[in-house]
$ cat run-v4.txt   # compact mmCIF, C-alpha atoms
# COMPACT_ATOMS: atom_id res chain seq x y z
CA MET O 1 -56.09 -12.56 19.93
CA ARG O 2 -54.67 -13.99 16.73
CA VAL O 3 -53.95 -11.06 14.44
CA VAL O 4 -53.27 -10.87 10.72
CA PHE O 5 -52.09 -7.34 9.90
CA ALA O 6 -52.61 -5.73 6.48
CA GLY O 7 -50.53 -2.74 5.40
CA THR O 8 -47.91 -1.62 2.93
CA PRO O 9 -46.08 1.77 3.31
CA ASP O 10 -44.03 3.38 6.08
CA PRO O 11 -47.01 4.99 7.91
CA ALA O 12 -48.23 1.47 8.74
CA ILE O 13 -44.96 0.54 10.47
CA PRO O 14 -45.69 2.04 13.94
CA SER O 15 -48.97 0.10 14.13
CA LEU O 16 -47.37 -3.21 13.20
CA GLU O 17 -44.50 -2.61 15.62
CA ARG O 18 -46.93 -1.95 18.50
CA LEU O 19 -48.88 -5.12 17.78
CA ILE O 20 -45.73 -7.23 17.50
CA ASP O 21 -44.58 -5.88 20.88
CA SER O 22 -48.01 -6.31 22.48
CA ALA O 23 -48.42 -8.98 25.12
CA LYS O 24 -52.13 -9.31 24.35
CA HIS O 25 -52.03 -9.94 20.61
CA ASP O 26 -50.25 -12.56 18.52
CA VAL O 27 -49.38 -11.41 14.98
CA VAL O 28 -49.60 -14.68 13.05
CA GLY O 29 -49.40 -13.20 9.57
CA VAL O 30 -49.04 -10.05 7.48
CA ILE O 31 -50.69 -9.08 4.21
CA THR O 32 -48.99 -6.54 2.00
CA ARG O 33 -48.85 -5.47 -1.63
CA PRO O 34 -46.64 -7.55 -3.95
CA ASP O 35 -42.94 -6.75 -4.24
CA ALA O 36 -42.45 -3.77 -6.56
CA ALA O 37 -39.70 -1.76 -8.23
CA ALA O 38 -38.67 1.36 -6.33
CA GLY O 39 -35.90 3.95 -6.19
CA ARG O 40 -33.63 5.22 -8.92
CA GLY O 41 -32.30 1.75 -9.65
CA ARG O 42 -35.87 0.41 -9.93
CA LYS O 43 -34.88 -2.67 -7.97
CA THR O 44 -37.70 -4.98 -6.93
CA GLY O 45 -38.10 -5.25 -3.18
CA ARG O 46 -40.42 -5.82 -0.26
CA SER O 47 -42.79 -3.18 0.99
CA PRO O 48 -41.77 -1.57 4.33
CA VAL O 49 -44.42 -3.64 6.14
CA GLY O 50 -43.32 -6.85 4.42
CA ALA O 51 -39.69 -6.20 5.30
CA LEU O 52 -40.56 -5.65 8.98
CA ALA O 53 -42.57 -8.87 9.06
CA ASP O 54 -39.66 -10.76 7.46
CA SER O 55 -37.29 -9.48 10.14
CA HIS O 56 -39.57 -10.98 12.82
CA GLY O 57 -40.13 -14.27 11.02
CA ILE O 58 -43.83 -13.54 10.47
CA PRO O 59 -45.46 -15.21 7.42
CA VAL O 60 -46.15 -12.68 4.64
CA LEU O 61 -48.96 -12.94 2.09
CA THR O 62 -48.66 -10.84 -1.09
CA PRO O 63 -51.73 -11.53 -3.23
CA ALA O 64 -51.84 -9.88 -6.64
CA ARG O 65 -55.58 -9.56 -6.04
CA PRO O 66 -57.31 -10.08 -2.68
CA SER O 67 -60.09 -11.88 -4.59
CA ASP O 68 -57.75 -14.75 -5.55
CA PRO O 69 -59.11 -18.06 -4.18
CA ASP O 70 -55.60 -19.14 -3.11
CA PHE O 71 -55.25 -16.05 -0.94
CA LEU O 72 -58.63 -16.66 0.68
CA GLY O 73 -57.51 -20.17 1.59
CA GLU O 74 -54.16 -18.99 3.00
CA LEU O 75 -55.89 -16.36 5.11
CA ALA O 76 -58.43 -18.87 6.44
CA ASP O 77 -55.58 -21.25 7.37
CA LEU O 78 -54.06 -18.53 9.58
CA ALA O 79 -57.39 -18.42 11.49
CA PRO O 80 -57.23 -14.77 12.56
CA ASP O 81 -59.56 -13.43 15.22
CA VAL O 82 -59.17 -9.92 13.82
CA CYS O 83 -57.42 -8.22 10.91
CA PRO O 84 -56.21 -4.64 11.51
CA VAL O 85 -55.57 -2.62 8.33
CA VAL O 86 -53.36 0.43 7.85
CA ALA O 87 -52.87 1.76 4.30
CA TYR O 88 -52.92 -1.66 2.67
CA GLY O 89 -53.75 -0.27 -0.78
CA ALA O 90 -56.37 -2.66 -2.19
CA LEU O 91 -60.10 -3.22 -1.75
CA LEU O 92 -61.15 -6.39 0.05
CA PRO O 93 -64.09 -8.47 -1.24
CA ARG O 94 -66.85 -9.79 1.02
CA PRO O 95 -65.53 -13.39 1.32
CA VAL O 96 -62.23 -12.00 2.65
CA LEU O 97 -63.98 -9.58 5.01
CA ASP O 98 -65.94 -12.51 6.48
CA VAL O 99 -62.87 -14.56 7.53
CA PRO O 100 -61.91 -13.02 10.91
CA LYS O 101 -64.33 -13.44 13.82
CA PHE O 102 -64.15 -9.75 14.81
CA GLY O 103 -63.77 -8.39 11.28
CA TRP O 104 -61.25 -6.02 9.74
CA ILE O 105 -60.41 -2.91 11.75
CA ASN O 106 -59.14 -0.07 9.60
CA LEU O 107 -57.00 2.79 10.90
CA HIS O 108 -57.79 5.83 8.74
CA PHE O 109 -55.97 9.14 9.08
CA SER O 110 -58.92 11.51 9.37
CA LEU O 111 -61.87 12.22 11.64
CA LEU O 112 -64.51 10.27 9.75
CA PRO O 113 -66.78 10.94 7.95
CA ALA O 114 -64.45 13.76 6.87
CA TRP O 115 -61.93 12.94 4.17
CA ARG O 116 -62.81 9.44 3.15
CA GLY O 117 -60.39 8.12 0.56
CA ALA O 118 -56.72 7.65 -0.27
CA ALA O 119 -55.24 11.05 0.70
CA PRO O 120 -56.97 12.32 3.87
CA VAL O 121 -53.93 14.02 5.41
CA GLN O 122 -53.15 15.90 2.22
CA ALA O 123 -56.78 16.95 1.82
CA ALA O 124 -57.00 18.29 5.39
CA ILE O 125 -53.92 20.49 4.92
CA ALA O 126 -55.03 21.72 1.49
CA ALA O 127 -58.46 22.64 2.85
CA GLY O 128 -56.98 24.68 5.69
CA ASP O 129 -58.43 22.50 8.46
CA ASP O 130 -57.25 23.40 11.95
CA VAL O 131 -57.70 19.91 13.40
CA THR O 132 -57.63 16.40 11.99
CA GLY O 133 -56.96 13.01 13.53
CA ALA O 134 -57.27 9.28 13.06
CA SER O 135 -60.21 6.91 13.28
CA THR O 136 -60.53 3.17 13.74
CA PHE O 137 -63.59 1.67 12.11
CA LEU O 138 -65.07 -1.65 11.08
CA LEU O 139 -64.23 -2.22 7.44
CA GLU O 140 -67.06 -2.89 5.03
CA GLU O 141 -67.34 -2.90 1.26
CA GLY O 142 -67.96 0.86 0.99
CA MET O 143 -65.09 3.38 0.88
CA ASP O 144 -64.32 4.19 4.54
CA THR O 145 -68.01 4.05 5.47
CA GLY O 146 -68.02 1.57 8.36
CA PRO O 147 -68.99 2.30 11.98
CA VAL O 148 -66.33 4.09 14.03
CA LEU O 149 -64.73 2.41 17.04
CA GLY O 150 -62.36 5.12 18.23
CA VAL O 151 -60.78 8.47 17.38
CA VAL O 152 -57.73 10.54 18.26
CA THR O 153 -57.29 14.21 17.33
CA GLU O 154 -54.27 16.14 16.11
CA VAL O 155 -53.77 19.88 15.61
CA ILE O 156 -52.54 20.86 12.14
CA ARG O 157 -49.61 23.23 12.53
CA SER O 158 -49.14 26.18 10.21
CA VAL O 159 -45.89 24.73 8.82
CA ASP O 160 -46.97 21.09 8.61
CA THR O 161 -46.28 19.22 5.40
CA ALA O 162 -48.25 16.07 4.67
CA GLY O 163 -45.16 14.11 5.67
CA ASP O 164 -44.90 15.88 9.04
CA LEU O 165 -48.55 15.41 9.91
CA LEU O 166 -48.74 11.83 8.70
CA GLY O 167 -45.66 10.99 10.76
CA ARG O 168 -47.37 12.16 13.96
CA LEU O 169 -50.67 10.48 13.09
CA ALA O 170 -48.93 7.20 12.31
CA HIS O 171 -47.74 7.03 15.93
CA SER O 172 -50.84 8.36 17.70
CA GLY O 173 -52.97 6.20 15.39
CA ALA O 174 -50.92 3.13 16.28
CA ALA O 175 -51.78 3.62 19.95
CA LEU O 176 -55.43 4.07 19.02
CA LEU O 177 -55.43 0.88 16.95
CA GLU O 178 -53.92 -1.15 19.78
CA ALA O 179 -56.44 0.29 22.24
CA THR O 180 -59.28 -0.58 19.85
CA LEU O 181 -58.13 -4.19 19.58
CA ASP O 182 -57.81 -4.36 23.38
CA ALA O 183 -61.40 -3.13 23.71
CA ILE O 184 -62.64 -5.68 21.17
CA GLU O 185 -60.93 -8.52 23.03
CA ALA O 186 -62.40 -7.31 26.34
CA GLY O 187 -65.88 -7.06 24.82
CA GLU O 188 -65.96 -3.33 25.54
CA ALA O 189 -65.81 -1.92 21.98
CA SER O 190 -68.71 0.19 20.74
CA ALA O 191 -69.18 0.81 17.01
CA VAL O 192 -70.92 4.09 16.18
CA PRO O 193 -72.41 4.53 12.67
CA GLN O 194 -70.93 7.43 10.74
CA SER O 195 -73.03 10.55 10.34
CA GLU O 196 -74.40 11.41 6.92
CA ASP O 197 -73.43 15.02 7.62
CA GLY O 198 -69.89 16.27 7.11
CA VAL O 199 -68.90 13.67 4.51
CA SER O 200 -65.97 14.73 2.34
CA HIS O 201 -63.69 12.84 -0.02
CA ALA O 202 -59.92 12.74 -0.52
CA PRO O 203 -59.03 10.97 -3.77
CA LYS O 204 -55.51 9.84 -4.55
CA LEU O 205 -53.25 12.71 -5.57
CA THR O 206 -51.77 12.67 -9.05
CA VAL O 207 -48.61 14.38 -10.27
CA ASP O 208 -50.75 16.65 -12.45
CA ALA O 209 -52.80 17.71 -9.42
CA ALA O 210 -49.59 18.74 -7.63
CA ARG O 211 -48.76 21.39 -10.24
CA ILE O 212 -48.66 24.94 -8.87
CA ASP O 213 -51.21 27.41 -10.22
CA TRP O 214 -49.64 30.81 -9.51
CA SER O 215 -52.95 32.55 -10.26
CA ARG O 216 -54.26 31.36 -6.89
CA SER O 217 -53.81 33.24 -3.62
CA ALA O 218 -50.60 33.00 -1.59
CA ALA O 219 -52.47 31.35 1.30
CA PHE O 220 -53.94 28.72 -1.04
CA LEU O 221 -50.52 27.97 -2.54
CA ASP O 222 -48.89 27.69 0.87
CA ARG O 223 -51.42 24.99 1.83
CA HIS O 224 -51.28 23.30 -1.58
CA ILE O 225 -47.51 22.94 -1.59
CA ARG O 226 -47.37 21.66 1.99
CA ALA O 227 -50.17 19.20 1.22
CA VAL O 228 -48.26 17.53 -1.62
CA THR O 229 -44.90 17.48 0.19
CA PRO O 230 -43.07 15.12 0.07
CA ALA O 231 -45.20 13.19 -2.42
CA PRO O 232 -46.02 13.62 -5.20
CA GLY O 233 -44.25 16.97 -4.76
CA ALA O 234 -45.31 20.44 -5.91
CA TRP O 235 -43.86 21.56 -9.23
CA THR O 236 -43.88 24.31 -11.80
CA THR O 237 -42.27 24.99 -15.16
CA ILE O 238 -39.77 27.76 -15.77
CA GLY O 239 -38.91 28.10 -19.41
CA ASP O 240 -38.51 24.55 -20.66
CA SER O 241 -37.52 23.20 -17.26
CA ARG O 242 -39.70 21.48 -14.71
CA VAL O 243 -38.79 22.42 -11.14
CA LYS O 244 -39.94 20.80 -7.90
CA VAL O 245 -40.80 23.37 -5.21
CA SER O 246 -40.52 22.90 -1.45
CA PRO O 247 -42.77 24.76 1.03
CA ILE O 248 -42.83 28.52 0.50
CA THR O 249 -43.03 31.55 2.79
CA ILE O 250 -45.67 34.23 2.31
CA SER O 251 -43.48 37.31 2.13
CA PRO O 252 -45.10 40.51 0.82
CA LEU O 253 -42.56 42.78 -0.85
CA THR O 254 -41.94 45.97 1.11
CA ASP O 255 -41.03 47.96 -2.00
CA SER O 256 -44.13 50.00 -2.76
CA ASP O 257 -43.19 50.27 -6.43
CA VAL O 258 -42.82 46.50 -6.95
CA LYS O 259 -45.87 44.51 -7.99
CA LEU O 260 -45.37 40.97 -9.20
CA GLU O 261 -47.98 39.48 -11.48
CA PRO O 262 -48.92 35.81 -10.88
CA GLY O 263 -45.93 33.65 -11.78
CA ALA O 264 -43.55 36.59 -12.31
CA MET O 265 -40.25 36.14 -10.50
CA LEU O 266 -38.06 38.68 -8.73
CA ILE O 267 -34.52 37.49 -8.08
CA ARG O 268 -32.61 39.32 -5.36
CA LYS O 269 -29.76 38.58 -2.99
CA ASP O 270 -32.23 38.02 -0.18
CA GLY O 271 -34.31 35.47 -2.09
CA VAL O 272 -36.37 34.48 -5.08
CA PHE O 273 -39.89 35.93 -4.98
CA VAL O 274 -42.85 34.80 -7.09
CA GLY O 275 -46.08 36.68 -7.64
CA THR O 276 -49.49 35.19 -6.86
CA ALA O 277 -53.07 36.47 -7.03
CA THR O 278 -52.43 38.23 -3.71
CA GLU O 279 -49.04 38.89 -2.13
CA ALA O 280 -45.67 37.52 -3.22
CA VAL O 281 -44.17 34.32 -1.86
CA LEU O 282 -40.54 33.49 -1.15
CA LEU O 283 -39.22 30.22 -2.55
CA GLY O 284 -37.37 27.90 -0.18
CA ASP O 285 -35.56 24.95 -1.75
CA VAL O 286 -36.12 23.89 -5.34
CA GLN O 287 -35.12 20.80 -7.29
CA PRO O 288 -34.56 21.08 -11.04
CA GLN O 289 -35.19 17.90 -13.00
CA GLY O 290 -32.33 15.45 -12.70
CA LYS O 291 -30.56 17.45 -9.99
CA LYS O 292 -30.42 17.59 -6.21
CA SER O 293 -32.51 19.95 -4.10
CA MET O 294 -30.88 23.35 -3.49
CA ARG O 295 -31.64 26.82 -2.19
CA ALA O 296 -33.65 28.86 -4.65
CA THR O 297 -31.05 31.65 -4.70
CA ASP O 298 -28.27 29.19 -5.59
CA TRP O 299 -30.42 27.66 -8.31
CA ALA O 300 -31.35 31.04 -9.80
CA ARG O 301 -27.72 32.14 -9.83
CA GLY O 302 -26.53 28.91 -11.43
CA ALA O 303 -29.32 28.97 -14.01
CA ARG O 304 -28.55 32.65 -14.76
CA LEU O 305 -32.20 33.59 -14.50
CA THR O 306 -33.38 37.12 -15.10
CA ASP O 307 -36.20 39.09 -13.53
CA THR O 308 -38.29 38.54 -16.65
CA VAL O 309 -38.67 34.80 -16.04
CA VAL O 310 -42.23 33.61 -15.44
CA ALA O 311 -43.19 30.38 -13.65
CA LYS O 312 -46.11 28.47 -15.11
$ encode --input "run-v4.txt" --output "structure tokens"
Amino acid sequence: MRVVFAGTPDPAIPSLERLIDSAKHDVVGVITRPDAAAGRGRKTGRSPVGALADSHGIPVLTPARPSDPDFLGELADLAPDVCPVVAYGALLPRPVLDVPKFGWINLHFSLLPAWRGAAPVQAAIAAGDDVTGASTFLLEEGMDTGPVLGVVTEVIRSVDTAGDLLGRLAHSGAALLEATLDAIEAGEASAVPQSEDGVSHAPKLTVDAARIDWSRSAAFLDRHIRAVTPAPGAWTTIGDSRVKVSPITISPLTDSDVKLEPGAMLIRKDGVFVGTATEAVLLGDVQPQGKKSMRATDWARGARLTDTVVAK
């Protein structure tokens, strides 16, 4: 089949690589978000998907808006049979959806109808789900509402960050996407409408939403911090400084006479402890603004913090 692939960030790379290497499918074009500034130098550059396509000599389309008439014409000229989508990052209007014969097949990193939206992996970890997965479905104008073509499951480990889990799903999902396209080409695909039960939503995470609320339980904070790692990154303020916080360890203090109030810090040779609504937690690595990540004990010593410091 003639394939035009749509995607933008790193998690889409394994899917595009599998389709490029496939003997059954011919990737005749790639759609990705326009070149954007990134990194400390804010240099403008290709998206990861666009850069991979360039390295294989595959034509790349970067419409500012998928509704642009010029883009619709360029896509039609490529004459795709099917358009797989992995984290493209823009909504597609009906005229664009109607171009490929077999439609647009979206790979979404959840077990639909759970966690529709932009941040399904993060939402699954934050909610304490034991199992998640990836789904392929026929794209329509609603937000992740189309009929499901295939699923793969993945156990959420107790130490998984969003980055860890998404990395595994990107690869297992790539195999699922290829298998779905194979089934479509063979006329063996079966689209199953999503249930109206079990619908949940996972909106895009903001920096403000990643702030740590030390008045919550230790278990909640463990999930919250892992869910926003590596991006946008959990953070708190200590004094006038904003500090990024890596995953924590729930570590109840053994001293019977020590009780830390939420946000109160205890600095010892064996670690930096912070109080929560339940038991204390042990900080791992932290990253003060404008500095590199470091062990919490090294940071506390260098910052000359006292036991009276409170994180907010």
$ residues_around --input "run-v4.txt" --residues "region 93-101 of chain O" --least-positions-apart "4" --cutoff "10 Å" --atoms "all atoms listed in the file" --output "PDB file with C-alpha atoms, in the coordinates of the input"
ATOM      1  CA  ARG O   2     -54.670 -13.990  16.730  1.00  0.00           C
ATOM      2  CA  VAL O   3     -53.950 -11.060  14.440  1.00  0.00           C
ATOM      3  CA  VAL O   4     -53.270 -10.870  10.720  1.00  0.00           C
ATOM      4  CA  ARG O  65     -55.580  -9.560  -6.040  1.00  0.00           C
ATOM      5  CA  PRO O  66     -57.310 -10.080  -2.680  1.00  0.00           C
ATOM      6  CA  SER O  67     -60.090 -11.880  -4.590  1.00  0.00           C
ATOM      7  CA  ASP O  68     -57.750 -14.750  -5.550  1.00  0.00           C
ATOM      8  CA  PRO O  69     -59.110 -18.060  -4.180  1.00  0.00           C
ATOM      9  CA  PHE O  71     -55.250 -16.050  -0.940  1.00  0.00           C
ATOM     10  CA  LEU O  72     -58.630 -16.660   0.680  1.00  0.00           C
ATOM     11  CA  GLY O  73     -57.510 -20.170   1.590  1.00  0.00           C
ATOM     12  CA  LEU O  75     -55.890 -16.360   5.110  1.00  0.00           C
ATOM     13  CA  ALA O  76     -58.430 -18.870   6.440  1.00  0.00           C
ATOM     14  CA  ASP O  77     -55.580 -21.250   7.370  1.00  0.00           C
ATOM     15  CA  LEU O  78     -54.060 -18.530   9.580  1.00  0.00           C
ATOM     16  CA  ALA O  79     -57.390 -18.420  11.490  1.00  0.00           C
ATOM     17  CA  PRO O  80     -57.230 -14.770  12.560  1.00  0.00           C
ATOM     18  CA  ASP O  81     -59.560 -13.430  15.220  1.00  0.00           C
ATOM     19  CA  VAL O  82     -59.170  -9.920  13.820  1.00  0.00           C
ATOM     20  CA  CYS O  83     -57.420  -8.220  10.910  1.00  0.00           C
ATOM     21  CA  LEU O 139     -64.230  -2.220   7.440  1.00  0.00           C
ATOM     22  CA  GLU O 140     -67.060  -2.890   5.030  1.00  0.00           C
ATOM     23  CA  GLU O 141     -67.340  -2.900   1.260  1.00  0.00           C
TER      24      GLU O 141
END
$ residues_around --input "run-v4.txt" --residues "Val199 (chain O)" --least-positions-apart "4" --cutoff "9 Å" --atoms "all atoms listed in the file" --output "list in words"
Leu112, Pro113, Ala114, Trp115, Arg116 and Ser195 of chain O
$ closest_residue --input "run-v4.txt" --among "O:Ala118, O:Ala134, O:Ala36, O:Ala23" --to "Leu165 (chain O)" --atoms "only C-alpha atoms"
O:Ala134
$ closest_residue --input "run-v4.txt" --among "O:Ala300, O:Ala170, O:Ile225, O:Ala219" --to "Ala277 (chain O)" --atoms "all atoms listed in the file"
O:Ala219
$ residues_around --input "run-v4.txt" --residues "Ala209 (chain O)" --least-positions-apart "5" --cutoff "12 Å" --atoms "all atoms listed in the file" --output "PyMOL selection string"
chain O and resi 122-123+126+203-204+224-225+227-228+231-236
$ closest_residue --input "run-v4.txt" --among "O:Ile58, O:Ala53, O:Val286, O:Leu166" --to "Pro120 (chain O)" --atoms "all atoms listed in the file"
O:Leu166
$ residues_around --input "run-v4.txt" --residues "Val152 (chain O)" --least-positions-apart "4" --cutoff "12 Å" --atoms "all atoms listed in the file" --output "short mmCIF file (atom, residue, chain, number, x, y, z; two decimals) with C-alpha atoms, keeping the file's coordinate frame"
data_model
loop_
_atom_site.label_atom_id
_atom_site.label_comp_id
_atom_site.auth_asym_id
_atom_site.auth_seq_id
_atom_site.Cartn_x
_atom_site.Cartn_y
_atom_site.Cartn_z
CA LEU O 107 -57.00 2.79 10.90
CA HIS O 108 -57.79 5.83 8.74
CA PHE O 109 -55.97 9.14 9.08
CA SER O 110 -58.92 11.51 9.37
CA LEU O 111 -61.87 12.22 11.64
CA LEU O 112 -64.51 10.27 9.75
CA VAL O 131 -57.70 19.91 13.40
CA THR O 132 -57.63 16.40 11.99
CA GLY O 133 -56.96 13.01 13.53
CA ALA O 134 -57.27 9.28 13.06
CA SER O 135 -60.21 6.91 13.28
CA THR O 136 -60.53 3.17 13.74
CA VAL O 148 -66.33 4.09 14.03
CA ARG O 168 -47.37 12.16 13.96
CA LEU O 169 -50.67 10.48 13.09
CA ALA O 170 -48.93 7.20 12.31
CA HIS O 171 -47.74 7.03 15.93
CA SER O 172 -50.84 8.36 17.70
CA GLY O 173 -52.97 6.20 15.39
CA ALA O 174 -50.92 3.13 16.28
CA ALA O 175 -51.78 3.62 19.95
CA LEU O 176 -55.43 4.07 19.02
CA LEU O 177 -55.43 0.88 16.95
CA ALA O 179 -56.44 0.29 22.24
CA THR O 180 -59.28 -0.58 19.85
#
$ closest_residue --input "run-v4.txt" --among "O:Met294, O:Ile184, O:Ile125, O:Leu138" --to "Lys244 (chain O)" --atoms "all atoms listed in the file"
O:Met294
$ atom_distance --input "run-v4.txt" --atom1 "CA of Ile212 (chain O)" --atom2 "CA of Leu305 (chain O)"
19.4 Å
$ residues_around --input "run-v4.txt" --residues "Ile238 (chain O)" --least-positions-apart "3" --cutoff "10 Å" --atoms "all atoms listed in the file" --output "list in words"
Trp235, Ser241, Arg242, Val243, Gly263, Met265, Pro288, Leu305, Val309, Val310, Ala311 and Lys312 of chain O
$ write_last_selection --input "run-v4.txt" --atoms "C-alpha atoms" --output "compact mmCIF listing (two decimals), in the coordinates of the input"
# COMPACT_ATOMS: atom_id res chain seq x y z
CA TRP O 235 -43.86 21.56 -9.23
CA SER O 241 -37.52 23.20 -17.26
CA ARG O 242 -39.70 21.48 -14.71
CA VAL O 243 -38.79 22.42 -11.14
CA GLY O 263 -45.93 33.65 -11.78
CA MET O 265 -40.25 36.14 -10.50
CA PRO O 288 -34.56 21.08 -11.04
CA LEU O 305 -32.20 33.59 -14.50
CA VAL O 309 -38.67 34.80 -16.04
CA VAL O 310 -42.23 33.61 -15.44
CA ALA O 311 -43.19 30.38 -13.65
CA LYS O 312 -46.11 28.47 -15.11
$ decode --input "run-v4.txt" --residues "region 243-250 of chain O" --atoms "all heavy atoms" --output "tab-separated table (two decimals), in the first residue's frame"
chain	number	residue	atom	x	y	z
O	243	VAL	N	12.62	24.51	42.09
O	243	VAL	CA	13.46	23.32	41.98
O	243	VAL	C	12.69	22.21	41.29
O	243	VAL	O	11.55	21.90	41.67
O	243	VAL	CB	13.91	22.85	43.38
O	243	VAL	CG1	14.76	21.59	43.27
O	243	VAL	CG2	14.68	23.96	44.10
O	244	LYS	N	13.31	21.61	40.28
O	244	LYS	CA	12.71	20.47	39.59
O	244	LYS	C	13.03	19.20	40.39
O	244	LYS	O	14.16	19.03	40.87
O	244	LYS	CB	13.29	20.37	38.18
O	244	LYS	CG	12.41	19.67	37.17
O	244	LYS	CD	12.96	19.88	35.76
O	244	LYS	CE	12.04	19.25	34.72
O	244	LYS	NZ	12.54	19.50	33.35
O	245	VAL	N	12.06	18.32	40.52
O	245	VAL	CA	12.20	17.14	41.39
O	245	VAL	C	12.04	15.87	40.57
O	245	VAL	O	11.07	15.70	39.84
O	245	VAL	CB	11.14	17.18	42.52
O	245	VAL	CG1	11.24	15.94	43.40
O	245	VAL	CG2	11.31	18.45	43.36
O	246	SER	N	13.01	14.98	40.70
O	246	SER	CA	12.94	13.68	40.03
O	246	SER	C	12.09	12.73	40.87
O	246	SER	O	11.67	13.07	41.97
O	246	SER	CB	14.35	13.11	39.86
O	246	SER	OG	14.85	12.67	41.10
O	247	PRO	N	11.81	11.50	40.37
O	247	PRO	CA	11.02	10.56	41.16
O	247	PRO	C	11.54	10.38	42.58
O	247	PRO	O	12.75	10.38	42.83
O	247	PRO	CB	11.11	9.27	40.34
O	247	PRO	CG	11.19	9.76	38.93
O	247	PRO	CD	12.06	10.98	39.00
O	248	ILE	N	10.62	10.22	43.51
O	248	ILE	CA	10.91	10.14	44.93
O	248	ILE	C	10.78	8.69	45.41
O	248	ILE	O	10.31	7.83	44.67
O	248	ILE	CB	9.94	11.02	45.73
O	248	ILE	CG1	8.48	10.62	45.40
O	248	ILE	CG2	10.18	12.51	45.45
O	248	ILE	CD1	7.42	11.37	46.19
O	249	THR	N	11.18	8.47	46.65
O	249	THR	CA	11.00	7.17	47.30
O	249	THR	C	10.17	7.36	48.55
O	249	THR	O	10.47	8.25	49.36
O	249	THR	CB	12.36	6.55	47.69
O	249	THR	OG1	13.17	6.42	46.52
O	249	THR	CG2	12.17	5.18	48.33
O	250	ILE	N	9.12	6.58	48.70
O	250	ILE	CA	8.33	6.65	49.94
O	250	ILE	C	9.16	6.00	51.03
O	250	ILE	O	9.49	4.82	50.96
O	250	ILE	CB	6.98	5.95	49.78
O	250	ILE	CG1	6.16	6.64	48.67
O	250	ILE	CG2	6.20	5.95	51.09
O	250	ILE	CD1	4.84	5.97	48.36
